[in-house]
$ cat run.txt   # compact mmCIF, C-alpha atoms
# COMPACT_ATOMS: atom_id res chain seq x y z
CA MET W 41 138.51 69.62 88.70
CA ARG W 42 140.01 69.15 92.17
CA ILE W 43 139.82 65.51 93.32
CA LEU W 44 140.26 64.15 96.86
CA LEU W 45 141.25 60.50 97.29
CA THR W 46 140.83 58.39 100.42
CA ASN W 47 140.52 54.69 101.25
CA ASP W 48 140.23 52.21 104.11
CA ASP W 49 143.24 50.02 103.26
CA GLY W 50 145.73 52.66 104.39
CA VAL W 51 147.81 55.34 102.74
CA GLU W 52 150.42 52.84 101.51
CA ALA W 53 147.87 50.55 99.83
CA TYR W 54 148.46 49.50 96.24
CA GLY W 55 144.84 50.20 95.32
CA LEU W 56 145.24 53.85 96.34
CA GLU W 57 148.16 54.24 93.94
CA ILE W 58 146.05 52.76 91.16
CA LEU W 59 143.27 55.19 92.02
CA TYR W 60 145.76 58.06 91.94
CA ASN W 61 146.86 57.08 88.43
CA ILE W 62 143.22 56.88 87.35
CA ALA W 63 142.40 60.26 88.89
CA ARG W 64 145.38 61.85 87.14
CA GLN W 65 143.78 60.90 83.83
CA LEU W 66 140.84 63.10 84.81
CA SER W 67 142.63 66.00 86.54
CA ASP W 68 146.07 67.38 87.40
CA ASP W 69 144.85 68.55 90.83
CA VAL W 70 144.65 65.36 92.88
CA TRP W 71 144.89 65.24 96.69
CA ILE W 72 145.31 62.21 98.96
CA CYS W 73 144.19 62.03 102.59
CA ALA W 74 144.08 58.43 103.81
CA PRO W 75 144.44 56.49 107.08
CA VAL W 76 147.89 55.66 108.43
CA THR W 77 146.79 52.06 109.05
CA GLU W 78 144.13 49.80 107.55
CA GLN W 79 140.58 50.65 108.57
CA SER W 80 138.64 47.94 106.75
CA GLY W 81 135.25 47.18 108.28
CA LYS W 82 135.14 50.43 110.27
CA GLY W 83 132.08 51.63 108.39
CA ARG W 84 131.18 55.25 109.14
CA GLY W 85 133.17 55.24 112.36
CA ILE W 86 134.70 58.49 113.59
CA THR W 87 137.41 59.02 116.18
CA LEU W 88 135.97 60.68 119.28
CA HIS W 89 138.18 59.65 122.21
CA ASP W 90 141.70 60.06 120.79
CA PRO W 91 143.47 62.96 119.10
CA LEU W 92 143.93 62.73 115.35
CA ARG W 93 147.45 63.21 114.04
CA VAL W 94 148.13 64.44 110.51
CA LYS W 95 151.38 63.67 108.71
CA ARG W 96 152.27 65.43 105.48
CA LEU W 97 153.93 62.84 103.24
CA ALA W 98 154.36 64.98 100.14
CA ASP W 99 152.68 67.81 98.29
CA LYS W 100 148.91 67.19 98.43
CA ARG W 101 149.42 63.85 100.22
CA PHE W 102 148.52 63.33 103.89
CA ALA W 103 148.18 60.42 106.30
CA ILE W 104 145.82 60.62 109.29
CA SER W 105 145.64 58.41 112.38
CA GLY W 106 141.93 57.83 111.95
CA THR W 107 139.14 56.41 109.83
CA PRO W 108 138.19 57.21 106.23
CA THR W 109 135.40 59.45 107.57
CA ASP W 110 137.95 61.33 109.68
CA CYS W 111 140.21 61.71 106.66
CA VAL W 112 137.56 63.21 104.40
CA GLN W 113 136.32 65.54 107.13
CA ILE W 114 139.76 66.89 108.03
CA ALA W 115 140.90 67.18 104.42
CA ILE W 116 137.90 69.27 103.42
CA ASN W 117 137.73 71.28 106.66
CA ASP W 118 141.40 72.06 107.11
CA LEU W 119 143.98 70.64 104.71
CA MET W 120 142.69 71.68 101.31
CA PRO W 121 142.61 75.37 100.30
CA GLN W 122 139.25 74.85 98.58
CA PRO W 123 136.75 71.97 98.80
CA PRO W 124 137.20 69.27 96.17
CA ASP W 125 134.87 68.87 93.22
CA LEU W 126 134.93 65.09 93.61
CA VAL W 127 135.75 62.52 96.31
CA LEU W 128 137.00 59.08 95.21
CA SER W 129 137.33 56.36 97.86
CA GLY W 130 139.33 53.19 97.13
CA ILE W 131 140.30 51.30 95.20
CA ASN W 132 139.43 48.74 97.86
CA ARG W 133 141.30 45.44 98.06
CA GLY W 134 138.27 43.19 97.67
CA PHE W 135 134.61 43.71 96.82
CA ASN W 136 132.05 45.92 98.53
CA LEU W 137 128.77 44.30 97.51
CA ALA W 138 125.39 43.52 99.06
CA GLN W 139 125.40 43.89 102.88
CA ASP W 140 129.11 44.77 102.81
CA VAL W 141 128.28 48.37 102.02
CA THR W 142 127.06 48.99 105.58
CA LEU W 143 130.41 47.81 107.01
CA SER W 144 132.72 49.26 104.40
CA GLY W 145 135.14 52.03 105.24
CA THR W 146 135.54 52.57 101.50
CA VAL W 147 131.83 53.30 101.09
CA ALA W 148 131.95 55.40 104.28
CA GLY W 149 134.61 57.67 102.81
CA ALA W 150 132.34 58.39 99.86
CA LEU W 151 129.32 58.89 102.13
CA GLN W 152 131.20 61.49 104.16
CA GLY W 153 132.09 63.37 101.01
CA MET W 154 128.42 63.27 99.99
CA THR W 155 127.26 64.60 103.38
CA LEU W 156 129.63 67.56 102.90
CA GLY W 157 128.06 68.32 99.55
CA ILE W 158 130.74 66.78 97.31
CA PRO W 159 129.91 64.28 94.54
CA SER W 160 131.49 61.02 95.75
CA ILE W 161 132.28 57.58 94.37
CA ALA W 162 133.48 54.37 96.07
CA LEU W 163 135.54 51.91 94.02
CA SER W 164 136.46 48.29 94.79
CA GLN W 165 138.33 45.52 92.96
CA CYS W 166 137.04 41.99 93.51
CA LEU W 167 139.99 39.70 94.28
CA ASP W 168 140.90 36.09 94.96
CA PHE W 169 142.71 36.27 98.28
CA ASP W 170 144.24 32.83 97.77
CA ILE W 171 146.55 34.01 94.98
CA ASP W 172 148.94 36.91 94.46
CA LEU W 173 146.94 40.05 95.21
CA MET W 174 149.29 42.34 93.28
CA THR W 175 148.42 40.75 89.93
CA GLN W 176 144.65 41.16 90.11
CA TRP W 177 144.03 44.87 89.56
CA ASN W 178 143.94 44.86 85.78
CA ALA W 179 140.18 45.42 85.39
CA ALA W 180 140.25 48.53 87.57
CA GLU W 181 143.48 49.84 86.03
CA VAL W 182 142.23 49.63 82.46
CA HIS W 183 138.55 50.45 82.83
CA GLY W 184 138.61 52.79 85.83
CA ALA W 185 139.09 56.15 84.12
CA PRO W 186 136.63 55.59 81.24
CA VAL W 187 133.92 54.30 83.60
CA LEU W 188 134.43 57.23 85.99
CA SER W 189 134.32 59.67 83.09
CA ALA W 190 131.02 58.22 81.86
CA VAL W 191 129.46 58.35 85.34
CA LEU W 192 130.62 61.93 85.88
CA GLU W 193 129.24 63.00 82.53
CA LYS W 194 125.80 61.69 83.45
CA GLY W 195 125.77 62.96 87.04
CA TRP W 196 123.60 61.90 90.00
CA PRO W 197 121.57 63.48 92.84
CA ALA W 198 123.30 65.27 95.69
CA ASP W 199 122.11 62.74 98.30
CA VAL W 200 123.50 59.72 96.41
CA ILE W 201 126.92 58.10 96.07
CA ILE W 202 128.05 55.75 93.33
CA ASN W 203 129.46 52.36 94.35
CA ILE W 204 131.59 50.73 91.62
CA ASN W 205 132.88 47.15 91.81
CA PHE W 206 135.27 45.73 89.20
CA PRO W 207 134.99 41.97 88.60
CA ASP W 208 137.73 39.48 89.44
CA CYS W 209 139.08 38.94 85.92
CA PRO W 210 141.57 40.49 83.48
CA ALA W 211 140.42 43.67 81.75
CA ASP W 212 139.96 41.94 78.40
CA GLU W 213 137.55 39.43 79.97
CA VAL W 214 135.19 42.08 81.36
CA THR W 215 131.87 41.57 79.57
CA GLY W 216 130.39 45.03 80.12
CA VAL W 217 129.05 47.53 82.63
CA GLU W 218 125.75 47.12 84.48
CA VAL W 219 123.87 49.66 86.58
CA THR W 220 122.67 47.55 89.49
CA ARG W 221 120.81 47.55 92.78
CA GLN W 222 122.26 46.36 96.07
CA GLY W 223 121.99 42.59 96.38
CA PHE W 224 121.58 40.51 99.53
CA ARG W 225 123.39 37.29 100.39
CA ASP W 226 121.26 34.35 101.45
CA ALA W 227 123.88 32.99 103.88
CA HIS W 228 125.70 34.68 106.75
CA GLU W 229 129.40 34.66 105.91
CA MET W 230 130.89 36.35 108.96
CA HIS W 231 131.77 34.30 112.03
CA ALA W 232 134.08 34.49 115.05
CA VAL W 233 136.99 32.05 115.28
CA LYS W 234 137.92 31.23 118.89
CA ARG W 235 141.62 30.89 119.67
CA CYS W 236 143.88 30.81 122.70
CA ASP W 237 146.89 33.03 123.35
CA PRO W 238 150.20 31.75 124.89
CA ARG W 239 148.96 32.67 128.37
CA GLY W 240 145.87 30.50 128.06
CA ARG W 241 143.38 33.32 127.51
CA ASP W 242 140.71 33.03 124.85
CA TYR W 243 140.39 35.58 122.07
CA TYR W 244 138.38 35.79 118.87
CA TRP W 245 139.29 36.58 115.27
CA MET W 246 136.55 37.63 112.87
CA ASP W 247 136.54 35.62 109.64
CA PHE W 248 134.34 34.90 106.65
CA HIS W 249 132.99 31.67 105.23
CA ALA W 250 132.65 31.43 101.44
CA PHE W 251 129.18 30.24 100.42
CA ASP W 252 127.57 29.85 97.02
CA GLN W 253 124.89 32.52 96.74
CA THR W 254 121.64 32.68 94.82
CA MET W 255 122.29 35.14 92.03
CA VAL W 256 119.48 37.57 91.19
CA ASP W 257 119.42 39.52 87.94
CA GLY W 258 119.99 43.22 88.34
CA THR W 259 122.04 43.00 91.55
CA ASP W 260 125.64 43.94 92.19
CA LEU W 261 126.44 40.35 93.23
CA ASN W 262 125.19 38.93 89.95
CA ALA W 263 126.90 41.56 87.81
CA VAL W 264 130.42 40.86 89.06
CA ALA W 265 129.76 37.10 88.94
CA GLN W 266 129.04 37.59 85.22
CA LYS W 267 132.31 39.56 84.82
CA ARG W 268 130.53 42.90 84.49
CA ILE W 269 131.48 46.14 86.21
CA SER W 270 128.76 46.94 88.75
CA VAL W 271 127.67 50.58 89.18
CA THR W 272 125.23 50.99 92.09
CA PRO W 273 123.66 54.25 93.30
CA LEU W 274 123.43 54.25 97.12
CA HIS W 275 121.98 56.67 99.65
CA LEU W 276 121.69 57.03 103.43
CA ASP W 277 117.91 56.82 103.81
CA LEU W 278 117.43 53.49 105.65
CA THR W 279 113.69 54.00 106.23
CA HIS W 280 111.52 51.00 105.36
CA TYR W 281 108.49 52.83 104.03
CA ASP W 282 106.03 49.91 103.89
CA THR W 283 106.56 49.23 107.58
CA MET W 284 106.40 52.93 108.39
CA HIS W 285 102.98 53.26 106.76
CA ARG W 286 101.74 50.04 108.43
CA LEU W 287 102.82 51.22 111.89
CA LYS W 288 101.23 54.61 111.39
CA LYS W 289 97.84 52.91 111.37
CA THR W 290 98.21 51.91 115.04
CA LEU W 291 100.90 54.20 116.48
CA GLY W 292 99.88 57.58 115.15
CA GLY W 293 98.58 60.11 117.68
CA THR W 294 97.98 59.19 121.33
CA VAL W 295 100.70 57.38 123.29
CA PRO W 296 99.60 53.73 123.91
CA LYS W 297 98.43 52.98 127.47
CA GLN W 298 98.21 49.18 127.33
CA ILE W 299 100.68 46.36 126.80
CA HIS W 300 99.62 43.93 124.09
CA ALA W 301 101.02 40.41 123.82
CA ALA W 302 102.41 39.70 120.35
CA ASN W 303 100.72 36.79 118.62
CA ASP W 304 102.38 34.48 116.08
CA GLU W 305 100.94 36.41 113.15
CA GLN W 306 102.33 39.71 114.44
CA ALA W 307 105.72 38.15 115.13
CA GLY W 308 105.83 36.76 111.61
CA ALA W 309 105.00 40.17 110.16
CA ALA W 310 107.78 41.73 112.21
CA GLU W 311 110.28 39.25 110.86
$ encode --input "run.txt" --output "structure tokens"
Amino acid sequence: MRILLTNDDGVEAYGLEILYNIARQLSDDVWICAPVTEQSGKGRGITLHDPLRVKRLADKRFAISGTPTDCVQIAINDLMPQPPDLVLSGINRGFNLAQDVTLSGTVAGALQGMTLGIPSIALSQCLDFDIDLMTQWNAAEVHGAPVLSAVLEKGWPADVIININFPDCPADEVTGVEVTRQGFRDAHEMHAVKRCDPRGRDYYWMDFHAFDQTMVDGTDLNAVAQKRISVTPLHLDLTHYDTMHRLKKTLGGTVPKQIHAANDEQAGAAE
């Protein structure tokens, strides 16, 4: 099995080295193609207006001046002699749960592999950023290879990726594995912090508030809170089918000729 690794924390990230060690337990043909610099939060971004530079760091190891999506695309199109049998993206420094998956460069790397027809998995290690980050990878290190092996043995559809999150605890405190659905936070964590540079000009730094969330059984958020490894199948179809069928009742066929004022009931339904 030929395995391609990427991430969004950069080619020098500690989590990528852990992922390499995990992948080597599954195969002796492991390739790395990762961003030169951190690309966290870039989602499925691609580089369109700048050239992409590739640096060969070692045999089967490359750094690219772009996003995780760029890395997977170039690796499969140009750098590898044959397409990989598996794409692994991570291991991310921090969780990728709930709404995070739409922002995550880690998830995006797996999605790009999937769109190119390669089975793909995103992996993340939940961390406490207020303490030493280097000491908190034990759950992923110990359980990563067996969990991946079990997922690979079972398989999944071609239009799906697997999103794995390891809980923030030592490996011997992990209480199990749970196949979950994507959760949703009930508070908006992201906000912009306004600051002033030495020349008196305002700038903003994106940050996150920590809020207690309502935990719902069966979700990725609840699983890691209960010290379980969360395994979530994800796909790219963002269609909301209930709304699609409701709109078809009034918007199918002839193009509307009149403008209708929305009433409170309609506005509430839209929300």
$ atom_distance --input "run.txt" --atom1 "atom CA of Asp260 of chain W" --atom2 "atom CA of Asp199 of chain W"
20.1 Å
$ atom_distance --input "run.txt" --atom1 "atom CA of Ile62 of chain W" --atom2 "atom CA of Leu126 of chain W"
13.2 Å
$ closest_residue --input "run.txt" --among "W:Val127, W:Ile269, W:Ala138, W:Val219" --to "His183 of chain W" --atoms "only C-alpha atoms"
W:Ile269
$ closest_atom_pairs --input "run.txt" --of "segment 175-265 of chain W" --to "segment 73-96 of chain W" --cutoff "12 Å" --atoms "all atoms listed in the file" --output "JSON lines"
{"residue": "W:Met230", "atom": "CA", "partner": "W:Gly81", "partner_atom": "CA", "distance": 11.7}
{"residue": "W:Met246", "atom": "CA", "partner": "W:Gly81", "partner_atom": "CA", "distance": 10.7}
{"residue": "W:Asp247", "atom": "CA", "partner": "W:Gly81", "partner_atom": "CA", "distance": 11.7}
$ residues_near_point --input "run.txt" --point "(149.0, 65.7, 97.9)" --cutoff "8 Å" --atoms "all atoms listed in the file" --output "VMD selection string"
chain W and resid 70 to 73 97 to 102
$ atom_distance --input "run.txt" --atom1 "atom CA of Ala162 of chain W" --atom2 "atom CA of His228 of chain W"
23.7 Å
$ residues_around --input "run.txt" --residues "Arg64 of chain W" --least-positions-apart "6" --cutoff "10 Å" --atoms "only C-alpha atoms" --output "list in words"
Ile43, Ile58, Val70 and Ala185 of chain W
$ write_last_selection --input "run.txt" --atoms "C-alpha atoms" --output "PDB file, in the frame of the given file"
ATOM      1  CA  ILE W  43     139.820  65.510  93.320  1.00  0.00           C
ATOM      2  CA  ILE W  58     146.050  52.760  91.160  1.00  0.00           C
ATOM      3  CA  VAL W  70     144.650  65.360  92.880  1.00  0.00           C
ATOM      4  CA  ALA W 185     139.090  56.150  84.120  1.00  0.00           C
TER       5      ALA W 185
END
$ residues_around --input "run.txt" --residues "Asp68 of chain W" --least-positions-apart "5" --cutoff "10 Å" --atoms "only C-alpha atoms" --output "list in words"
Met41, Arg42, Ile43 and Ala63 of chain W
$ closest_residue --input "run.txt" --among "W:Lys234, W:Arg268, W:Arg286, W:His280" --to "Ile204 of chain W" --atoms "only C-alpha atoms"
W:Arg268
$ closest_residue --input "run.txt" --among "W:Ile158, W:Val264, W:Val147, W:Cys236" --to "Gln113 of chain W" --atoms "all atoms listed in the file"
W:Ile158
$ closest_residue --input "run.txt" --among "W:Gly153, W:Gly55, W:His275, W:Gln176" --to "Gln222 of chain W" --atoms "all atoms listed in the file"
W:His275
$ residues_around --input "run.txt" --residues "Ile116 of chain W" --least-positions-apart "3" --cutoff "10 Å" --atoms "all atoms listed in the file" --output "ChimeraX atom specification"
/W:44,73,111-113,119-124,153,156,158
$ closest_residue --input "run.txt" --among "W:Asn262, W:Thr294, W:Ser189, W:Ser160" --to "Leu45 of chain W" --atoms "all atoms listed in the file"
W:Ser160
$ decode --input "run.txt" --residues "segment 232-247 of chain W" --atoms "N, CA, C and O atoms" --output "mmCIF file, in the first residue's frame"
data_model
loop_
_atom_site.group_PDB
_atom_site.id
_atom_site.type_symbol
_atom_site.label_atom_id
_atom_site.label_comp_id
_atom_site.auth_asym_id
_atom_site.auth_seq_id
_atom_site.Cartn_x
_atom_site.Cartn_y
_atom_site.Cartn_z
ATOM 1 N N ALA W 232 -13.042 38.576 16.450
ATOM 2 C CA ALA W 232 -11.904 39.383 16.003
ATOM 3 C C ALA W 232 -11.449 40.287 17.135
ATOM 4 O O ALA W 232 -12.248 41.049 17.702
ATOM 5 N N VAL W 233 -10.173 40.213 17.476
ATOM 6 C CA VAL W 233 -9.588 41.065 18.507
ATOM 7 C C VAL W 233 -8.942 42.273 17.826
ATOM 8 O O VAL W 233 -8.061 42.127 16.977
ATOM 9 N N LYS W 234 -9.390 43.469 18.198
ATOM 10 C CA LYS W 234 -8.865 44.694 17.589
ATOM 11 C C LYS W 234 -7.632 45.149 18.344
ATOM 12 O O LYS W 234 -7.627 45.244 19.574
ATOM 13 N N ARG W 235 -6.564 45.448 17.594
ATOM 14 C CA ARG W 235 -5.318 45.932 18.186
ATOM 15 C C ARG W 235 -4.788 47.103 17.364
ATOM 16 O O ARG W 235 -5.342 47.449 16.322
ATOM 17 N N CYS W 236 -3.711 47.680 17.843
ATOM 18 C CA CYS W 236 -3.129 48.853 17.182
ATOM 19 C C CYS W 236 -1.644 48.625 16.993
ATOM 20 O O CYS W 236 -0.941 48.208 17.930
ATOM 21 N N ASP W 237 -1.144 48.873 15.783
ATOM 22 C CA ASP W 237 0.283 48.667 15.534
ATOM 23 C C ASP W 237 1.077 49.897 15.985
ATOM 24 O O ASP W 237 0.494 50.934 16.371
ATOM 25 N N PRO W 238 2.424 49.848 15.991
ATOM 26 C CA PRO W 238 3.237 50.969 16.486
ATOM 27 C C PRO W 238 3.042 52.275 15.721
ATOM 28 O O PRO W 238 3.419 53.340 16.218
ATOM 29 N N ARG W 239 2.460 52.213 14.533
ATOM 30 C CA ARG W 239 2.225 53.424 13.758
ATOM 31 C C ARG W 239 0.800 53.945 13.916
ATOM 32 O O ARG W 239 0.360 54.826 13.187
ATOM 33 N N GLY W 240 0.079 53.384 14.877
ATOM 34 C CA GLY W 240 -1.258 53.877 15.174
ATOM 35 C C GLY W 240 -2.360 53.358 14.277
ATOM 36 O O GLY W 240 -3.477 53.874 14.288
ATOM 37 N N ARG W 241 -2.085 52.320 13.492
ATOM 38 C CA ARG W 241 -3.080 51.768 12.582
ATOM 39 C C ARG W 241 -3.723 50.531 13.207
ATOM 40 O O ARG W 241 -3.036 49.692 13.781
ATOM 41 N N ASP W 242 -5.023 50.459 13.088
ATOM 42 C CA ASP W 242 -5.752 49.314 13.644
ATOM 43 C C ASP W 242 -5.525 48.061 12.797
ATOM 44 O O ASP W 242 -5.381 48.127 11.573
ATOM 45 N N TYR W 243 -5.488 46.923 13.472
ATOM 46 C CA TYR W 243 -5.513 45.633 12.786
ATOM 47 C C TYR W 243 -6.290 44.660 13.664
ATOM 48 O O TYR W 243 -6.629 44.965 14.802
ATOM 49 N N TYR W 244 -6.603 43.509 13.106
ATOM 50 C CA TYR W 244 -7.426 42.528 13.815
ATOM 51 C C TYR W 244 -6.730 41.167 13.823
ATOM 52 O O TYR W 244 -6.064 40.793 12.857
ATOM 53 N N TRP W 245 -6.922 40.455 14.942
ATOM 54 C CA TRP W 245 -6.367 39.116 15.093
ATOM 55 C C TRP W 245 -7.521 38.190 15.452
ATOM 56 O O TRP W 245 -8.214 38.401 16.443
ATOM 57 N N MET W 246 -7.722 37.162 14.614
ATOM 58 C CA MET W 246 -8.813 36.228 14.871
ATOM 59 C C MET W 246 -8.480 35.344 16.066
ATOM 60 O O MET W 246 -7.365 34.832 16.192
ATOM 61 N N ASP W 247 -9.467 35.177 16.959
ATOM 62 C CA ASP W 247 -9.255 34.388 18.170
ATOM 63 C C ASP W 247 -10.522 33.586 18.465
ATOM 64 O O ASP W 247 -11.550 33.746 17.794
#
